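K.L.:
This is the structure I have questions about; it appears just below.
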Protein chains: 2
Amino acid sequence: MPRPDLAAMLGPLGRRLLALERPILAAHGVSMWGYAVLLRLADEPVRAQAALAESIGADKTRLIPVLDELQAAGLIERTPDPADRRARVLSITAAGRSLRDAVQTEIQAQEERYLAVLPPDQREAFLTALRTLAGFTG
Amino acid sequence: MPRPDLAAMLGPLGRRLLALERPILAAHGVSMWGYAVLLRLADEPVRAQAALAESIGADKTRLIPVLDELQAAGLIERTPDPADRRARVLSITAAGRSLRDAVQTEIQAQEERYLAVLPPDQREAFLTALRTLAGFTG
DNA sequence: TATTGTTATACTCTATAACTATA
DNA sequence: TATAGTTATAGAGTATAACAATA
């Protein structure tokens, strides 16, 4: 018998994990897209909001209220680029970084509990393969 | 360094696979939910549309136009249950079954091409783990 | 004239509530 | 009165188009 469709398994699984994350994000008062932005900015500031939107798979128009919220909460900074005053340079604040760390710790702990149904070797194999697939865009 | 969040990898991956399937489904003139229904009915008829909706993770109200389309296309049958004339027994037709098979063959071929970035042993490990996780609802 | 960010608008998907027909 | 199916309606999420500021 043929295996179940990949998408048919990944879809519900993703939705279930997202449902696990929602209460954590809500407890910290940050939206899912807000969290995605904090993750993206953690490494380095990003020049131009459109670039940020594209890199996290969002639309630039729907990112704006998210950035407004994050900025109002003091989690990110939006400073005009001196070289091109149309553009904004986006960077995470210390508060943003600490919120990001707290949320990510809780989320990954939750995920670990979820992954615990797999034997350790399968668990590792799954994560390894998933990282490869997630990075592959062809 | 901590691994990327699970959901952050699964989400985009799922979306990408879905995007690969969309043209295939369109070519066969069936919607994603319509395909999900055909898959679910392939094994056995289902009594009650609400039960079907729940079992594929859909809402019973948004399933109705889907069933209408499938029925109009002769892919499923909706017969009143003699024992309880409020309820409908849903079953797939021969045409539905053959469409389902054709679509699934193409979709899985597409997916195989996608999975080909993984070495064979990783590929198997990934599928095994995924089946376990997808079946686990805790 | 083109581009960045923004706002306003429309569209899609999904869920809630009200209706009908049977029980 | 309760339930299966249906319809109508409203809500979230998303994308498209128009706008203001700067280049």
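Chain labels run A, B, ... following the order of the structure tokens; each chain numbers its residues from 1, and ligands are numbered from 1 in the order shown.
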Just fit chain B onto chain A on all the Cα atoms, in order, by least squares, and give it as a tab-separated table (two decimals) with N, CA and C atoms, in the first residue's frame.
P.N.:
chain	number	residue	atom	x	y	z
B	1	MET	N	0.95	-1.16	-0.22
B	1	MET	CA	0.10	0.04	-0.14
B	1	MET	C	0.96	1.28	-0.16
B	2	PRO	N	0.49	2.31	-0.86
B	2	PRO	CA	1.26	3.54	-0.95
B	2	PRO	C	1.28	4.25	0.40
B	3	ARG	N	2.33	4.99	0.65
B	3	ARG	CA	2.40	5.77	1.89
B	3	ARG	C	1.40	6.92	1.82
B	4	PRO	N	1.03	7.49	2.98
B	4	PRO	CA	0.19	8.67	2.96
B	4	PRO	C	0.94	9.82	2.31
B	5	ASP	N	0.21	10.74	1.72
B	5	ASP	CA	0.86	11.91	1.13
B	5	ASP	C	1.64	12.67	2.19
B	6	LEU	N	2.79	13.18	1.77
B	6	LEU	CA	3.63	13.94	2.67
B	6	LEU	C	2.88	15.15	3.24
B	7	ALA	N	2.27	15.90	2.35
B	7	ALA	CA	1.58	17.11	2.78
B	7	ALA	C	0.43	16.79	3.73
B	8	ALA	N	-0.19	15.64	3.52
B	8	ALA	CA	-1.31	15.25	4.36
B	8	ALA	C	-0.85	14.96	5.78
B	9	MET	N	0.43	14.61	5.94
B	9	MET	CA	0.95	14.39	7.29
B	9	MET	C	1.53	15.68	7.87
B	10	LEU	N	2.23	16.43	7.02
B	10	LEU	CA	2.90	17.64	7.51
B	10	LEU	C	1.90	18.72	7.90
B	11	GLY	N	0.84	18.83	7.12
B	11	GLY	CA	-0.15	19.88	7.38
B	11	GLY	C	-0.71	19.80	8.78
B	12	PRO	N	-1.41	18.72	9.10
B	12	PRO	CA	-1.98	18.59	10.44
B	12	PRO	C	-0.94	18.66	11.54
B	13	LEU	N	0.23	18.05	11.30
B	13	LEU	CA	1.29	18.09	12.32
B	13	LEU	C	1.70	19.54	12.60
B	14	GLY	N	1.89	20.30	11.54
B	14	GLY	CA	2.25	21.71	11.71
B	14	GLY	C	1.18	22.47	12.47
B	15	ARG	N	-0.07	22.22	12.10
B	15	ARG	CA	-1.17	22.91	12.78
B	15	ARG	C	-1.20	22.56	14.27
B	16	ARG	N	-0.92	21.28	14.56
B	16	ARG	CA	-0.96	20.86	15.96
B	16	ARG	C	0.15	21.54	16.77
B	17	LEU	N	1.33	21.61	16.17
B	17	LEU	CA	2.45	22.27	16.87
B	17	LEU	C	2.16	23.75	17.07
B	18	LEU	N	1.57	24.36	16.05
B	18	LEU	CA	1.22	25.77	16.15
B	18	LEU	C	0.24	26.00	17.29
B	19	ALA	N	-0.70	25.07	17.43
B	19	ALA	CA	-1.69	25.18	18.49
B	19	ALA	C	-1.02	25.10	19.85
B	20	LEU	N	0.06	24.32	19.95
B	20	LEU	CA	0.79	24.22	21.21
B	20	LEU	C	1.52	25.53	21.52
B	21	GLU	N	1.95	26.21	20.46
B	21	GLU	CA	2.72	27.43	20.67
B	21	GLU	C	1.84	28.63	21.03
B	22	ARG	N	0.65	28.60	20.51
B	22	ARG	CA	-0.22	29.77	20.64
B	22	ARG	C	-0.34	30.26	22.10
B	23	PRO	N	-0.65	29.36	23.05
B	23	PRO	CA	-0.78	29.83	24.44
B	23	PRO	C	0.51	30.44	24.98
B	24	ILE	N	1.65	29.88	24.57
B	24	ILE	CA	2.93	30.42	25.04
B	24	ILE	C	3.13	31.84	24.53
B	25	LEU	N	2.88	32.02	23.24
B	25	LEU	CA	3.02	33.35	22.65
B	25	LEU	C	2.04	34.33	23.31
B	26	ALA	N	0.82	33.87	23.52
B	26	ALA	CA	-0.18	34.73	24.13
B	26	ALA	C	0.24	35.15	25.53
B	27	ALA	N	0.80	34.19	26.28
B	27	ALA	CA	1.22	34.49	27.64
B	27	ALA	C	2.29	35.59	27.67
B	28	HIS	N	3.08	35.65	26.62
B	28	HIS	CA	4.12	36.67	26.55
B	28	HIS	C	3.67	37.90	25.77
B	29	GLY	N	2.40	37.89	25.34
B	29	GLY	CA	1.86	39.06	24.67
B	29	GLY	C	2.48	39.36	23.32
B	30	VAL	N	2.89	38.32	22.62
B	30	VAL	CA	3.48	38.55	21.30
B	30	VAL	C	2.76	37.66	20.27
B	31	SER	N	2.56	38.20	19.09
B	31	SER	CA	1.88	37.44	18.04
B	31	SER	C	2.85	36.49	17.37
B	32	MET	N	2.30	35.58	16.58
B	32	MET	CA	3.15	34.62	15.88
B	32	MET	C	4.09	35.33	14.92
B	33	TRP	N	3.55	36.28	14.18
B	33	TRP	CA	4.41	37.01	13.26
B	33	TRP	C	5.42	37.87	14.01
B	34	GLY	N	4.98	38.40	15.14
B	34	GLY	CA	5.91	39.17	15.96
B	34	GLY	C	7.09	38.32	16.40
B	35	TYR	N	6.80	37.11	16.81
B	35	TYR	CA	7.85	36.18	17.22
B	35	TYR	C	8.76	35.86	16.05
B	36	ALA	N	8.16	35.66	14.88
B	36	ALA	CA	8.96	35.37	13.68
B	36	ALA	C	9.92	36.52	13.39
B	37	VAL	N	9.44	37.74	13.60
B	37	VAL	CA	10.30	38.91	13.37
B	37	VAL	C	11.45	38.92	14.37
B	38	LEU	N	11.13	38.68	15.63
B	38	LEU	CA	12.18	38.67	16.66
B	38	LEU	C	13.23	37.61	16.35
B	39	LEU	N	12.79	36.46	15.91
B	39	LEU	CA	13.74	35.40	15.55
B	39	LEU	C	14.65	35.85	14.41
B	40	ARG	N	14.04	36.48	13.43
B	40	ARG	CA	14.81	36.89	12.26
B	40	ARG	C	15.82	37.98	12.60
B	41	LEU	N	15.44	38.89	13.51
B	41	LEU	CA	16.31	40.01	13.85
B	41	LEU	C	17.36	39.64	14.88
B	42	ALA	N	17.23	38.46	15.45
B	42	ALA	CA	18.13	38.08	16.54
B	42	ALA	C	19.59	38.09	16.10
B	43	ASP	N	19.84	37.64	14.88
B	43	ASP	CA	21.21	37.54	14.42
B	43	ASP	C	21.79	38.90	14.06
B	44	GLU	N	21.05	39.65	13.27
B	44	GLU	CA	21.61	40.89	12.72
B	44	GLU	C	20.47	41.83	12.36
B	45	PRO	N	20.74	43.14	12.37
B	45	PRO	CA	19.72	44.09	11.93
B	45	PRO	C	19.40	43.87	10.45
B	46	VAL	N	18.20	44.23	10.06
B	46	VAL	CA	17.79	44.08	8.67
B	46	VAL	C	17.45	45.45	8.11
B	47	ARG	N	18.00	45.74	6.94
B	47	ARG	CA	17.70	47.00	6.28
B	47	ARG	C	16.52	46.77	5.36
B	48	ALA	N	15.50	47.56	5.52
B	48	ALA	CA	14.33	47.50	4.66
B	48	ALA	C	13.32	46.48	5.13
B	49	GLN	N	12.12	46.95	5.33
B	49	GLN	CA	11.06	46.10	5.85
B	49	GLN	C	10.61	45.09	4.81
B	50	ALA	N	10.68	45.47	3.54
B	50	ALA	CA	10.27	44.55	2.49
B	50	ALA	C	11.18	43.32	2.51
B	51	ALA	N	12.47	43.55	2.72
B	51	ALA	CA	13.42	42.43	2.77
B	51	ALA	C	13.09	41.52	3.94
B	52	LEU	N	12.78	42.11	5.08
B	52	LEU	CA	12.41	41.32	6.25
B	52	LEU	C	11.16	40.49	5.96
B	53	ALA	N	10.16	41.16	5.40
B	53	ALA	CA	8.91	40.46	5.09
B	53	ALA	C	9.19	39.25	4.21
B	54	GLU	N	9.94	39.46	3.17
B	54	GLU	CA	10.20	38.37	2.24
B	54	GLU	C	10.95	37.23	2.93
B	55	SER	N	11.91	37.60	3.78
B	55	SER	CA	12.76	36.57	4.36
B	55	SER	C	12.01	35.70	5.39
B	56	ILE	N	10.89	36.20	5.91
B	56	ILE	CA	10.12	35.33	6.82
B	56	ILE	C	8.83	34.85	6.15
B	57	GLY	N	8.72	35.08	4.85
B	57	GLY	CA	7.57	34.57	4.11
B	57	GLY	C	6.28	35.29	4.39
B	58	ALA	N	6.38	36.57	4.73
B	58	ALA	CA	5.18	37.35	5.00
B	58	ALA	C	5.00	38.40	3.90
B	59	ASP	N	3.90	39.09	3.95
B	59	ASP	CA	3.64	40.17	3.01
B	59	ASP	C	4.06	41.47	3.68
B	60	LYS	N	4.65	42.40	2.90
B	60	LYS	CA	5.16	43.61	3.53
B	60	LYS	C	4.04	44.46	4.12
B	61	THR	N	2.85	44.38	3.54
B	61	THR	CA	1.76	45.19	4.08
B	61	THR	C	1.25	44.65	5.40
B	62	ARG	N	1.24	43.34	5.53
B	62	ARG	CA	0.69	42.81	6.78
B	62	ARG	C	1.76	42.77	7.87
B	63	LEU	N	2.97	43.16	7.52
B	63	LEU	CA	4.02	43.19	8.52
B	63	LEU	C	3.97	44.49	9.33
B	64	ILE	N	3.42	45.51	8.72
B	64	ILE	CA	3.49	46.84	9.33
B	64	ILE	C	2.84	46.93	10.70
B	65	PRO	N	1.58	46.49	10.86
B	65	PRO	CA	1.02	46.51	12.21
B	65	PRO	C	1.82	45.67	13.19
B	66	VAL	N	2.44	44.60	12.72
B	66	VAL	CA	3.27	43.77	13.58
B	66	VAL	C	4.47	44.58	14.08
B	67	LEU	N	5.13	45.27	13.17
B	67	LEU	CA	6.28	46.09	13.55
B	67	LEU	C	5.86	47.22	14.48
B	68	ASP	N	4.69	47.80	14.19
B	68	ASP	CA	4.18	48.86	15.07
B	68	ASP	C	4.06	48.35	16.50
B	69	GLU	N	3.46	47.19	16.65
B	69	GLU	CA	3.28	46.61	17.98
B	69	GLU	C	4.61	46.33	18.67
B	70	LEU	N	5.50	45.69	17.93
B	70	LEU	CA	6.81	45.35	18.51
B	70	LEU	C	7.54	46.62	18.95
B	71	GLN	N	7.45	47.65	18.12
B	71	GLN	CA	8.14	48.89	18.45
B	71	GLN	C	7.51	49.56	19.67
B	72	ALA	N	6.18	49.57	19.69
B	72	ALA	CA	5.46	50.16	20.82
B	72	ALA	C	5.82	49.43	22.12
B	73	ALA	N	6.05	48.14	22.03
B	73	ALA	CA	6.39	47.34	23.20
B	73	ALA	C	7.88	47.42	23.52
B	74	GLY	N	8.63	48.18	22.71
B	74	GLY	CA	10.05	48.34	22.97
B	74	GLY	C	10.89	47.12	22.66
B	75	LEU	N	10.38	46.27	21.78
B	75	LEU	CA	11.10	45.02	21.47
B	75	LEU	C	11.99	45.16	20.25
B	76	ILE	N	11.67	46.10	19.39
B	76	ILE	CA	12.52	46.37	18.23
B	76	ILE	C	12.68	47.88	18.08
B	77	GLU	N	13.67	48.25	17.26
B	77	GLU	CA	13.84	49.67	16.91
B	77	GLU	C	13.75	49.81	15.39
B	78	ARG	N	13.13	50.92	14.99
B	78	ARG	CA	12.97	51.22	13.58
B	78	ARG	C	13.61	52.57	13.33
B	79	THR	N	14.84	52.58	12.88
B	79	THR	CA	15.53	53.85	12.67
B	79	THR	C	15.72	54.10	11.18
B	80	PRO	N	15.49	55.35	10.75
B	80	PRO	CA	15.66	55.67	9.33
B	80	PRO	C	17.12	55.46	8.93
B	81	ASP	N	17.32	54.92	7.75
B	81	ASP	CA	18.66	54.73	7.22
B	81	ASP	C	19.20	56.10	6.79
B	82	PRO	N	20.34	56.53	7.39
B	82	PRO	CA	20.88	57.86	7.03
B	82	PRO	C	21.19	57.95	5.54
B	83	ALA	N	21.58	56.85	4.94
B	83	ALA	CA	21.98	56.86	3.54
B	83	ALA	C	20.77	56.99	2.61
B	84	ASP	N	19.64	56.50	3.04
B	84	ASP	CA	18.43	56.58	2.22
B	84	ASP	C	17.24	56.73	3.17
B	85	ARG	N	16.80	57.95	3.33
B	85	ARG	CA	15.83	58.23	4.38
B	85	ARG	C	14.46	57.63	4.13
B	86	ARG	N	14.27	57.01	2.97
B	86	ARG	CA	13.02	56.27	2.76
B	86	ARG	C	13.02	54.95	3.53
B	87	ALA	N	14.20	54.37	3.66
B	87	ALA	CA	14.30	53.02	4.23
B	87	ALA	C	14.46	53.05	5.74
B	88	ARG	N	14.10	51.96	6.40
B	88	ARG	CA	14.26	51.83	7.85
B	88	ARG	C	15.19	50.66	8.15
B	89	VAL	N	16.04	50.89	9.16
B	89	VAL	CA	16.88	49.79	9.63
B	89	VAL	C	16.22	49.20	10.86
B	90	LEU	N	15.97	47.90	10.82
B	90	LEU	CA	15.26	47.24	11.91
B	90	LEU	C	16.24	46.45	12.76
B	91	SER	N	16.15	46.68	14.09
B	91	SER	CA	17.03	45.93	14.98
B	91	SER	C	16.29	45.56	16.25
B	92	ILE	N	16.73	44.49	16.88
B	92	ILE	CA	16.08	44.01	18.09
B	92	ILE	C	16.69	44.73	19.28
B	93	THR	N	15.89	44.98	20.30
B	93	THR	CA	16.40	45.61	21.52
B	93	THR	C	16.79	44.53	22.53
B	94	ALA	N	17.39	44.99	23.63
B	94	ALA	CA	17.75	44.02	24.69
B	94	ALA	C	16.49	43.34	25.21
B	95	ALA	N	15.43	44.13	25.39
B	95	ALA	CA	14.17	43.56	25.86
B	95	ALA	C	13.63	42.54	24.86
B	96	GLY	N	13.74	42.88	23.58
B	96	GLY	CA	13.28	41.97	22.54
B	96	GLY	C	14.04	40.66	22.57
B	97	ARG	N	15.35	40.79	22.76
B	97	ARG	CA	16.18	39.60	22.77
B	97	ARG	C	15.82	38.70	23.96
B	98	SER	N	15.57	39.32	25.08
B	98	SER	CA	15.30	38.51	26.26
B	98	SER	C	13.91	37.87	26.15
B	99	LEU	N	12.97	38.59	25.55
B	99	LEU	CA	11.65	37.99	25.33
B	99	LEU	C	11.75	36.81	24.37
B	100	ARG	N	12.48	37.06	23.29
B	100	ARG	CA	12.67	36.00	22.30
B	100	ARG	C	13.24	34.74	22.96
B	101	ASP	N	14.27	34.93	23.81
B	101	ASP	CA	14.90	33.78	24.45
B	101	ASP	C	13.91	33.04	25.35
B	102	ALA	N	13.14	33.82	26.12
B	102	ALA	CA	12.19	33.20	27.04
B	102	ALA	C	11.15	32.39	26.26
B	103	VAL	N	10.61	32.99	25.20
B	103	VAL	CA	9.59	32.31	24.42
B	103	VAL	C	10.16	31.06	23.77
B	104	GLN	N	11.34	31.22	23.18
B	104	GLN	CA	11.91	30.08	22.46
B	104	GLN	C	12.21	28.91	23.41
B	105	THR	N	12.67	29.24	24.59
B	105	THR	CA	12.93	28.19	25.57
B	105	THR	C	11.66	27.39	25.86
B	106	GLU	N	10.57	28.12	26.10
B	106	GLU	CA	9.32	27.43	26.41
B	106	GLU	C	8.81	26.62	25.22
B	107	ILE	N	8.89	27.23	24.03
B	107	ILE	CA	8.38	26.56	22.85
B	107	ILE	C	9.14	25.28	22.58
B	108	GLN	N	10.46	25.36	22.69
B	108	GLN	CA	11.24	24.17	22.38
B	108	GLN	C	11.07	23.10	23.44
B	109	ALA	N	10.83	23.51	24.67
B	109	ALA	CA	10.55	22.53	25.72
B	109	ALA	C	9.26	21.79	25.38
B	110	GLN	N	8.26	22.56	24.95
B	110	GLN	CA	6.99	21.97	24.53
B	110	GLN	C	7.22	20.97	23.39
B	111	GLU	N	8.01	21.40	22.42
B	111	GLU	CA	8.27	20.56	21.26
B	111	GLU	C	9.02	19.27	21.66
B	112	GLU	N	9.94	19.42	22.59
B	112	GLU	CA	10.68	18.24	23.04
B	112	GLU	C	9.73	17.21	23.63
B	113	ARG	N	8.75	17.71	24.38
B	113	ARG	CA	7.77	16.79	24.95
B	113	ARG	C	7.02	16.06	23.84
B	114	TYR	N	6.77	16.82	22.77
B	114	TYR	CA	6.05	16.25	21.65
B	114	TYR	C	6.90	15.20	20.93
B	115	LEU	N	8.17	15.51	20.76
B	115	LEU	CA	9.09	14.61	20.06
B	115	LEU	C	9.40	13.36	20.87
B	116	ALA	N	9.02	13.40	22.14
B	116	ALA	CA	9.40	12.30	23.03
B	116	ALA	C	8.75	10.98	22.65
B	117	VAL	N	7.73	11.01	21.77
B	117	VAL	CA	7.14	9.74	21.33
B	117	VAL	C	8.10	8.98	20.43
B	118	LEU	N	9.12	9.68	19.90
B	118	LEU	CA	10.09	9.01	19.04
B	118	LEU	C	11.25	8.48	19.86
B	119	PRO	N	11.73	7.30	19.55
B	119	PRO	CA	12.97	6.83	20.18
B	119	PRO	C	14.10	7.80	19.83
B	120	PRO	N	15.07	7.96	20.73
B	120	PRO	CA	16.11	8.99	20.58
B	120	PRO	C	16.77	9.01	19.21
B	121	ASP	N	17.09	7.83	18.65
B	121	ASP	CA	17.79	7.84	17.37
B	121	ASP	C	16.87	8.32	16.25
B	122	GLN	N	15.61	7.90	16.29
B	122	GLN	CA	14.65	8.38	15.29
B	122	GLN	C	14.45	9.89	15.41
B	123	ARG	N	14.42	10.32	16.66
B	123	ARG	CA	14.23	11.74	16.94
B	123	ARG	C	15.35	12.56	16.27
B	124	GLU	N	16.58	12.12	16.45
B	124	GLU	CA	17.71	12.83	15.86
B	124	GLU	C	17.65	12.78	14.33
B	125	ALA	N	17.32	11.59	13.80
B	125	ALA	CA	17.26	11.43	12.35
B	125	ALA	C	16.20	12.34	11.77
B	126	PHE	N	15.09	12.42	12.47
B	126	PHE	CA	13.99	13.27	11.99
B	126	PHE	C	14.43	14.73	11.93
B	127	LEU	N	15.04	15.21	13.00
B	127	LEU	CA	15.46	16.61	13.05
B	127	LEU	C	16.51	16.90	11.98
B	128	THR	N	17.43	15.98	11.80
B	128	THR	CA	18.47	16.18	10.79
B	128	THR	C	17.85	16.30	9.39
B	129	ALA	N	16.98	15.34	9.08
B	129	ALA	CA	16.34	15.35	7.76
B	129	ALA	C	15.49	16.59	7.58
B	130	LEU	N	14.78	16.96	8.65
B	130	LEU	CA	13.91	18.11	8.55
B	130	LEU	C	14.69	19.38	8.28
B	131	ARG	N	15.83	19.52	8.95
B	131	ARG	CA	16.66	20.71	8.70
B	131	ARG	C	17.11	20.76	7.25
B	132	THR	N	17.46	19.61	6.72
B	132	THR	CA	17.88	19.57	5.32
B	132	THR	C	16.71	19.98	4.41
B	133	LEU	N	15.56	19.38	4.63
B	133	LEU	CA	14.40	19.67	3.78
B	133	LEU	C	13.96	21.13	3.92
B	134	ALA	N	14.00	21.65	5.15
B	134	ALA	CA	13.54	23.01	5.36
B	134	ALA	C	14.45	24.01	4.67
B	135	GLY	N	15.72	23.64	4.56
B	135	GLY	CA	16.66	24.55	3.92
B	135	GLY	C	16.66	24.43	2.42
B	136	PHE	N	16.07	23.36	1.93
B	136	PHE	CA	16.08	23.10	0.49
B	136	PHE	C	14.88	23.78	-0.15
B	137	THR	N	15.11	24.63	-1.13
B	137	THR	CA	14.00	25.39	-1.70
B	137	THR	C	13.66	24.97	-3.12
B	138	GLY	N	14.40	24.03	-3.70
B	138	GLY	CA	14.12	23.60	-5.07
B	138	GLY	C	12.78	22.93	-5.16
K.L.:
Residues of chain D that approach chain B to 12 Å or less, counting only C-alpha atoms (C1' of nucleotides): could you list each one with the shortest pair of atoms and its distance in Å to one decimal, rows by chain and increasing residue number, as a tab-separated table?
P.N.:
residue	atom	partner	partner_atom	distance
D:DT3	C1'	B:Arg86	CA	8.4
D:DA4	C1'	B:Arg86	CA	5.2
D:DG5	C1'	B:Arg86	CA	7.2
D:DT6	C1'	B:Ile64	CA	8.0
D:DT7	C1'	B:Thr61	CA	9.2
D:DA8	C1'	B:Thr61	CA	11.3
K.L.:
Please, could you write that set of residues out with N, CA, C and O atoms (P, O5', C5', C4', C3', O3' and C1' of nucleotides) as an mmCIF file, in the first residue's frame?
P.N.:
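What follows is the written file part.cif:
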data_model
loop_
_atom_site.group_PDB
_atom_site.id
_atom_site.type_symbol
_atom_site.label_atom_id
_atom_site.label_comp_id
_atom_site.auth_asym_id
_atom_site.auth_seq_id
_atom_site.Cartn_x
_atom_site.Cartn_y
_atom_site.Cartn_z
ATOM 1 P P DT D 3 -28.480 16.636 20.883
ATOM 2 O "O5'" DT D 3 -28.377 16.216 19.345
ATOM 3 C "C5'" DT D 3 -28.857 14.939 18.962
ATOM 4 C "C4'" DT D 3 -29.037 14.916 17.459
ATOM 5 C "C3'" DT D 3 -27.820 15.434 16.681
ATOM 6 O "O3'" DT D 3 -27.485 14.488 15.686
ATOM 7 C "C1'" DT D 3 -29.793 16.455 15.902
ATOM 8 P P DA D 4 -26.161 14.688 14.793
ATOM 9 O "O5'" DA D 4 -26.757 14.903 13.325
ATOM 10 C "C5'" DA D 4 -27.316 13.785 12.650
ATOM 11 C "C4'" DA D 4 -27.564 14.123 11.190
ATOM 12 C "C3'" DA D 4 -26.354 14.725 10.488
ATOM 13 O "O3'" DA D 4 -26.215 14.170 9.178
ATOM 14 C "C1'" DA D 4 -28.130 16.319 10.544
ATOM 15 P P DG D 5 -25.046 14.638 8.238
ATOM 16 O "O5'" DG D 5 -25.701 15.885 7.516
ATOM 17 C "C5'" DG D 5 -26.701 15.641 6.528
ATOM 18 C "C4'" DG D 5 -27.366 16.947 6.164
ATOM 19 C "C3'" DG D 5 -26.484 17.904 5.354
ATOM 20 O "O3'" DG D 5 -26.982 17.957 4.022
ATOM 21 C "C1'" DG D 5 -27.719 19.027 7.067
ATOM 22 P P DT D 6 -26.158 18.765 2.893
ATOM 23 O "O5'" DT D 6 -26.684 20.255 3.111
ATOM 24 C "C5'" DT D 6 -28.072 20.512 2.955
ATOM 25 C "C4'" DT D 6 -28.411 21.927 3.392
ATOM 26 C "C3'" DT D 6 -27.637 23.035 2.670
ATOM 27 O "O3'" DT D 6 -28.519 23.595 1.704
ATOM 28 C "C1'" DT D 6 -27.963 23.485 5.006
ATOM 29 P P DT D 7 -27.914 24.682 0.669
ATOM 30 O "O5'" DT D 7 -28.068 26.030 1.507
ATOM 31 C "C5'" DT D 7 -29.370 26.435 1.919
ATOM 32 C "C4'" DT D 7 -29.271 27.693 2.760
ATOM 33 C "C3'" DT D 7 -28.513 28.851 2.094
ATOM 34 O "O3'" DT D 7 -29.396 29.957 2.025
ATOM 35 C "C1'" DT D 7 -27.801 28.522 4.338
ATOM 36 P P DA D 8 -28.913 31.339 1.350
ATOM 37 O "O5'" DA D 8 -28.428 32.149 2.632
ATOM 38 C "C5'" DA D 8 -29.306 32.239 3.743
ATOM 39 C "C4'" DA D 8 -28.756 33.222 4.764
ATOM 40 C "C3'" DA D 8 -28.054 34.443 4.177
ATOM 41 O "O3'" DA D 8 -28.376 35.559 5.000
ATOM 42 C "C1'" DA D 8 -26.544 33.255 5.540
#
K.L.:
Counting only C-alpha atoms (C1' of nucleotides), a student should be able to say which residues of chain C come within 10 Å of chain A; what is the right answer, written as a list in words?
P.N.:
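Listing them in order of chain and number gives DT3, DT4, DG5, DT6 and DT7 of chain C.
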K.L.:
Write down as number ranges by chain the residues of segment 20-63 of chain B whose backbone DSSP state falls under alpha helix (DSSP H).
P.N.:
B: 20-27, 32-43, 49-55, 60-63
K.L.:
Measuring atom to atom with only C-alpha atoms (C1' of nucleotides), identify which of C:DT1, C:DT9, C:DT22, C:DT16 is nearest to DT9 of chain D.
P.N.:
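Nearest to DT9 of chain D: C:DT16.
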K.L.:
Report the residues of segment 4-95 of chain A whose backbone DSSP state falls under strand (DSSP E or B), written as a list in words.
P.N.:
Val46, Arg47, Ile76, Glu77, Arg78, Thr79, Pro80, Asp81, Asp84, Arg85, Arg86, Ala87, Arg88, Val89, Leu90, Ser91 and Ile92 of chain A
